[in-house]
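The file query_18.txt comes next; it holds compact mmCIF, C-alpha atoms.
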# COMPACT_ATOMS: atom_id res chain seq x y z
CA MET A 2 24.62 33.84 216.20
CA THR A 3 27.53 35.19 214.16
CA THR A 4 31.26 34.89 214.63
CA GLN A 5 34.33 36.39 213.04
CA LYS A 6 36.46 33.47 214.09
CA PRO A 7 37.17 30.75 211.54
CA ALA A 8 35.20 27.55 212.04
CA ALA A 9 36.02 23.89 211.52
CA LEU A 10 34.13 20.61 211.43
CA VAL A 11 35.88 17.43 212.55
CA THR A 12 34.11 14.14 211.95
CA GLY A 13 34.82 11.25 214.27
CA ALA A 14 36.11 13.74 216.82
CA ALA A 15 35.41 11.85 220.05
CA SER A 16 38.76 10.06 220.19
CA GLY A 17 42.09 9.44 218.51
CA ILE A 18 43.04 11.60 215.54
CA GLY A 19 39.70 13.40 215.53
CA ARG A 20 40.05 14.43 219.15
CA ALA A 21 43.63 15.62 218.63
CA ALA A 22 42.63 17.58 215.52
CA ALA A 23 39.66 19.25 217.22
CA LEU A 24 41.83 20.38 220.12
CA ALA A 25 44.62 21.58 217.82
CA LEU A 26 42.11 23.66 215.88
CA ALA A 27 40.68 25.09 219.11
CA ARG A 28 44.15 26.08 220.29
CA ALA A 29 44.76 27.73 216.91
CA GLY A 30 41.72 29.98 217.32
CA TYR A 31 39.00 28.03 215.51
CA ASP A 32 35.49 27.39 216.67
CA VAL A 33 34.89 23.67 216.27
CA ALA A 34 31.96 21.44 215.40
CA ILE A 35 32.59 18.06 216.99
CA ASN A 36 30.93 15.16 215.22
CA TYR A 37 30.47 11.76 216.81
CA SER A 38 28.36 8.68 216.17
CA ARG A 39 28.17 6.73 219.44
CA SER A 40 30.67 8.05 221.99
CA GLU A 41 28.66 10.91 223.47
CA ALA A 42 30.53 11.13 226.78
CA ALA A 43 33.91 11.20 225.06
CA ALA A 44 32.69 13.82 222.58
CA LYS A 45 31.43 16.02 225.42
CA ALA A 46 34.83 15.75 227.08
CA VAL A 47 36.51 16.92 223.86
CA SER A 48 34.05 19.81 223.66
CA GLU A 49 34.78 20.87 227.22
CA GLU A 50 38.53 20.74 226.64
CA ALA A 51 38.21 22.74 223.40
CA GLU A 52 36.16 25.39 225.18
CA LYS A 53 38.93 25.75 227.76
CA CYS A 54 41.13 26.75 224.81
CA GLY A 55 38.72 29.58 223.99
CA ALA A 56 36.71 27.87 221.26
CA ARG A 57 32.98 27.81 220.85
CA THR A 58 31.91 24.28 220.11
CA LEU A 59 28.98 22.50 218.57
CA LEU A 60 28.34 18.84 219.39
CA VAL A 61 26.68 17.01 216.51
CA ARG A 62 25.69 13.37 216.62
CA CYS A 63 25.57 11.96 213.11
CA ASP A 64 26.36 8.77 211.21
CA VAL A 65 28.33 10.19 208.30
CA SER A 66 27.04 7.45 205.98
CA ASP A 67 23.48 8.82 206.31
CA ASP A 68 22.82 11.57 203.77
CA ALA A 69 19.88 13.14 205.61
CA GLY A 70 21.83 13.18 208.87
CA VAL A 71 24.85 14.73 207.18
CA ARG A 72 22.79 17.48 205.59
CA ALA A 73 21.21 18.23 208.97
CA MET A 74 24.67 18.36 210.56
CA LEU A 75 25.94 20.92 208.05
CA LYS A 76 22.76 22.96 208.47
CA ALA A 77 23.46 23.03 212.22
CA VAL A 78 27.03 24.20 211.55
CA GLN A 79 25.70 26.94 209.26
CA GLU A 80 23.20 28.11 211.87
CA GLU A 81 25.75 28.07 214.71
CA PHE A 82 28.88 29.49 213.06
CA ARG A 83 27.58 31.01 209.79
CA ARG A 84 30.74 29.76 208.09
CA LEU A 85 33.04 26.80 207.60
CA ASP A 86 36.74 27.20 206.88
CA VAL A 87 38.13 23.73 207.56
CA LEU A 88 36.70 20.24 207.13
CA ILE A 89 38.53 17.30 208.68
CA ASN A 90 37.06 14.08 207.25
CA ASN A 91 38.25 11.70 209.93
CA ALA A 92 35.29 9.44 210.78
CA GLY A 93 36.18 5.84 210.08
CA THR A 94 35.51 2.25 211.00
CA THR A 95 36.95 -1.19 210.34
CA THR A 96 36.31 -4.87 210.93
CA GLU A 97 38.36 -7.26 213.02
CA VAL A 98 38.24 -10.09 210.46
CA ASN A 99 41.76 -11.30 209.64
CA SER A 100 42.87 -10.14 206.20
CA LYS A 101 43.67 -13.72 205.15
CA ASP A 102 40.31 -15.13 206.27
CA PHE A 103 38.23 -14.36 203.18
CA ASP A 104 35.30 -16.58 204.11
CA ALA A 105 34.81 -14.95 207.52
CA LEU A 106 34.24 -11.50 206.02
CA THR A 107 30.56 -10.81 205.42
CA VAL A 108 29.16 -8.60 202.71
CA GLU A 109 27.49 -6.51 205.42
CA GLU A 110 30.84 -5.85 207.12
CA TRP A 111 32.44 -4.90 203.81
CA ASP A 112 29.61 -2.53 202.93
CA ARG A 113 29.57 -0.91 206.38
CA VAL A 114 33.30 -0.08 206.23
CA PHE A 115 32.91 1.48 202.79
CA ALA A 116 29.72 3.29 203.81
CA VAL A 117 31.49 5.13 206.62
CA ASN A 118 35.02 5.52 205.23
CA VAL A 119 34.22 6.36 201.61
CA ARG A 120 30.56 7.30 201.15
CA GLY A 121 30.66 9.26 204.40
CA LEU A 122 33.64 11.29 203.24
CA PHE A 123 31.83 12.16 200.01
CA LEU A 124 28.52 13.01 201.71
CA VAL A 125 30.10 15.33 204.28
CA THR A 126 32.26 16.99 201.65
CA ARG A 127 29.32 17.55 199.32
CA ALA A 128 27.18 19.07 202.06
CA ALA A 129 30.03 21.32 203.20
CA LEU A 130 30.89 22.71 199.77
CA PRO A 131 28.76 25.88 199.79
CA MET A 132 30.36 27.14 203.00
CA LEU A 133 33.86 25.99 202.04
CA ARG A 134 33.60 27.72 198.68
CA ALA A 135 32.47 30.92 200.38
CA SER A 136 35.45 30.86 202.75
CA LYS A 137 37.95 29.45 200.21
CA GLY A 138 38.54 26.80 202.83
CA CYS A 139 40.34 23.49 202.89
CA ILE A 140 39.74 19.81 203.50
CA VAL A 141 42.02 17.27 205.15
CA ASN A 142 41.09 13.59 204.91
CA THR A 143 42.34 10.77 207.11
CA ALA A 144 43.72 8.03 204.90
CA SER A 145 46.19 5.36 206.06
CA ILE A 146 49.52 3.91 205.07
CA VAL A 147 47.63 0.73 204.07
CA GLY A 148 45.84 2.78 201.43
CA LEU A 149 49.22 3.21 199.74
CA ARG A 150 50.94 -0.13 200.29
CA PRO A 151 49.99 -3.65 201.44
CA GLY A 152 49.68 -4.30 205.15
CA PRO A 153 48.02 -6.60 207.68
CA GLN A 154 44.89 -4.50 208.04
CA PRO A 155 41.47 -6.01 207.19
CA LEU A 156 40.71 -6.03 203.48
CA PRO A 157 37.76 -3.60 203.42
CA TYR A 158 39.65 -1.11 205.59
CA ALA A 159 42.73 -1.14 203.35
CA ALA A 160 40.64 -0.90 200.19
CA SER A 161 38.52 1.92 201.64
CA LYS A 162 41.63 3.91 202.52
CA ALA A 163 42.94 3.44 198.99
CA ALA A 164 39.63 4.94 197.88
CA VAL A 165 40.20 7.88 200.25
CA VAL A 166 43.58 8.46 198.61
CA ASN A 167 41.98 8.54 195.16
CA LEU A 168 39.08 10.72 196.33
CA THR A 169 41.53 13.19 197.83
CA LYS A 170 43.32 13.64 194.52
CA THR A 171 40.12 13.68 192.47
CA LEU A 172 38.43 16.20 194.77
CA ALA A 173 41.52 18.42 194.70
CA TYR A 174 41.38 18.40 190.89
CA ASN A 175 37.68 19.26 190.81
CA LEU A 176 37.44 21.73 193.71
CA GLY A 177 40.42 23.94 192.94
CA PRO A 178 41.18 26.77 192.94
CA GLU A 179 38.69 27.68 195.67
CA ILE A 180 39.21 24.67 197.95
CA ARG A 181 42.40 22.76 198.74
CA VAL A 182 42.08 19.04 199.49
CA ASN A 183 44.83 16.93 201.07
CA ALA A 184 45.12 13.80 203.17
CA VAL A 185 47.29 12.29 205.85
CA ALA A 186 48.34 8.65 205.86
CA PRO A 187 49.44 7.59 209.35
CA GLY A 188 51.43 4.45 209.96
CA TRP A 189 50.96 2.27 213.02
CA MET A 190 49.55 4.62 215.64
CA GLU A 191 49.71 4.35 219.41
CA GLY A 192 46.37 4.15 221.18
CA ASP A 193 42.99 2.44 221.34
CA TRP A 194 42.59 1.70 217.63
CA MET A 195 45.73 -0.44 217.37
CA GLN A 196 45.06 -1.96 220.79
CA ARG A 197 41.74 -3.26 219.50
CA MET A 198 43.35 -4.63 216.36
CA LEU A 199 46.45 -6.20 217.92
CA LYS A 200 44.89 -7.19 221.26
CA ASP A 201 47.39 -8.95 223.55
CA LYS A 202 50.15 -8.56 220.94
CA TYR A 203 49.93 -4.76 221.05
CA GLU A 204 52.99 -4.01 223.21
CA ASP A 205 55.20 -6.54 221.45
CA LEU A 206 54.29 -5.65 217.88
CA MET A 207 54.29 -1.89 218.45
CA GLY A 208 57.69 -2.20 220.09
CA ARG A 209 59.05 -4.11 217.10
CA ARG A 210 57.64 -1.52 214.71
CA ALA A 211 59.24 1.30 216.69
CA LYS A 212 62.66 -0.40 216.50
CA LEU A 213 62.36 -0.63 212.71
CA THR A 214 61.35 3.03 212.40
CA PRO A 215 64.12 5.60 211.83
CA LEU A 216 62.61 7.92 214.47
CA LYS A 217 62.36 4.94 216.89
CA ARG A 218 58.73 5.28 217.88
CA CYS A 219 55.27 4.87 216.43
CA VAL A 220 53.07 7.75 215.42
CA THR A 221 50.65 9.40 217.86
CA ALA A 222 47.34 11.14 217.26
CA GLU A 223 49.04 14.41 218.14
CA ASP A 224 51.66 13.83 215.42
CA VAL A 225 48.85 13.44 212.89
CA ALA A 226 47.01 16.53 214.13
CA GLU A 227 50.21 18.55 213.86
CA THR A 228 50.55 17.59 210.19
CA MET A 229 46.88 18.35 209.58
CA MET A 230 47.35 21.83 211.02
CA SER A 231 50.34 22.39 208.76
CA LEU A 232 48.18 21.53 205.76
CA VAL A 233 45.43 23.81 207.05
CA GLN A 234 47.51 26.84 207.98
CA SER A 235 50.86 26.80 206.21
CA ASN A 236 50.89 24.92 202.91
CA ARG A 237 48.81 27.33 200.86
CA PHE A 238 50.00 26.00 197.50
CA VAL A 239 49.64 22.31 198.33
CA THR A 240 46.63 20.32 197.18
CA GLY A 241 45.99 16.74 196.12
CA GLU A 242 48.79 15.44 198.33
CA VAL A 243 48.82 12.49 200.74
CA ILE A 244 51.32 13.03 203.55
CA VAL A 245 52.73 9.85 205.07
CA ILE A 246 53.26 10.10 208.84
CA ASP A 247 55.14 7.02 209.97
CA GLY A 248 58.52 8.22 211.23
CA GLY A 249 60.22 7.05 208.06
CA PHE A 250 59.21 3.38 208.36
CA SER A 251 57.83 3.03 204.82
CA SER A 252 60.86 4.70 203.27
CA SER A 253 63.30 2.39 205.05
CA THR A 254 61.70 -1.00 204.42
Can I see the file as structure tokens?
Amino acid sequence: MTTQKPAALVTGAASGIGRAAALALARAGYDVAINYSRSEAAAKAVSEEAEKCGARTLLVRCDVSDDAGVRAMLKAVQEEFRRLDVLINNAGTTTEVNSKDFDALTVEEWDRVFAVNVRGLFLVTRAALPMLRASKGCIVNTASIVGLRPGPQPLPYAASKAAVVNLTKTLAYNLGPEIRVNAVAPGWMEGDWMQRMLKDKYEDLMGRRAKLTPLKRCVTAEDVAETMMSLVQSNRFVTGEVIVIDGGFSSST
């Protein structure tokens, strides 16, 4: 089946930033491949909402750290849309081990975080390159503010996001001029992710962070998706950049 509409793939699209990005792309006129690993019901809900915006969607279950699965996913995108214009590398994971508790962090946890957050980004990008080169498309990666400066996030998560920052710049250098590669680095974000990390301290700590932020609130998934869409649609001469989205917190502390 062929389409003249541009097409996008969003990894980790069942919730949070991935969900917001998939819906923003659908509203902007893209057909969207929605990748998920475990949350099938949530991914289907995103697909249904995107289709209400006029998009054709493709649901693809795939662990982005698995090379064979990734290659099969991109083959499915090729067969469904015959093109790929935008890749949002958003799939990510973390551990709940306290960053100061070195002994509690297992090698398996460390490796799993890097497998998804870093190896997965590379594998999906590599498999997507033929279609992205053909369309002169673009890539937007989800990094994090803790990839740029110290923070209370678990050690493997922070280190993996620093790797995403470096990969973004290195890929931009190697894939230009055909493909632009940028990243977003959100600060503390409202929603399930931070609720899992902060637990019963969520309301208190998020409130404190908002008070210390010049724009007086914490970032939302929709804020991040808005910046992603700007990088996709508007900033045609921008590549290798990491855009901080934290309401000015990091520039004022």
* So which residues fall inside 12 Å of (34.0, 11.3, 210.3) if we count all atoms listed in the file? Mind giving them as number ranges by chain? -> A: 10-20, 22-23, 34-39, 61-67, 71, 74, 88-94, 116-126, 141-144
* Exercise: residues within 12 Å of coordinate (37.6, 33.4, 196.9), counting all atoms listed in the file, as JSON, numbers by chain -> {"A": [86, 131, 132, 133, 134, 135, 136, 137, 138, 139, 177, 178, 179, 180, 181]}
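Among the candidates A:Thr240, A:Leu156, A:Ala21, A:Ala129, the one nearest to Tyr174 in chain A when counting only C-alpha atoms is A:Thr240.
What separates CA of Arg127 in chain A from CA of Ile140 in chain A is a distance of 11.5 Å.
CA of Thr95 in chain A lies 5.5 Å from CA of Tyr158 in chain A.
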* **Atom pair CA of Glu97 in chain A / CA of Arg197 in chain A: separation (Å)** => 8.3 Å
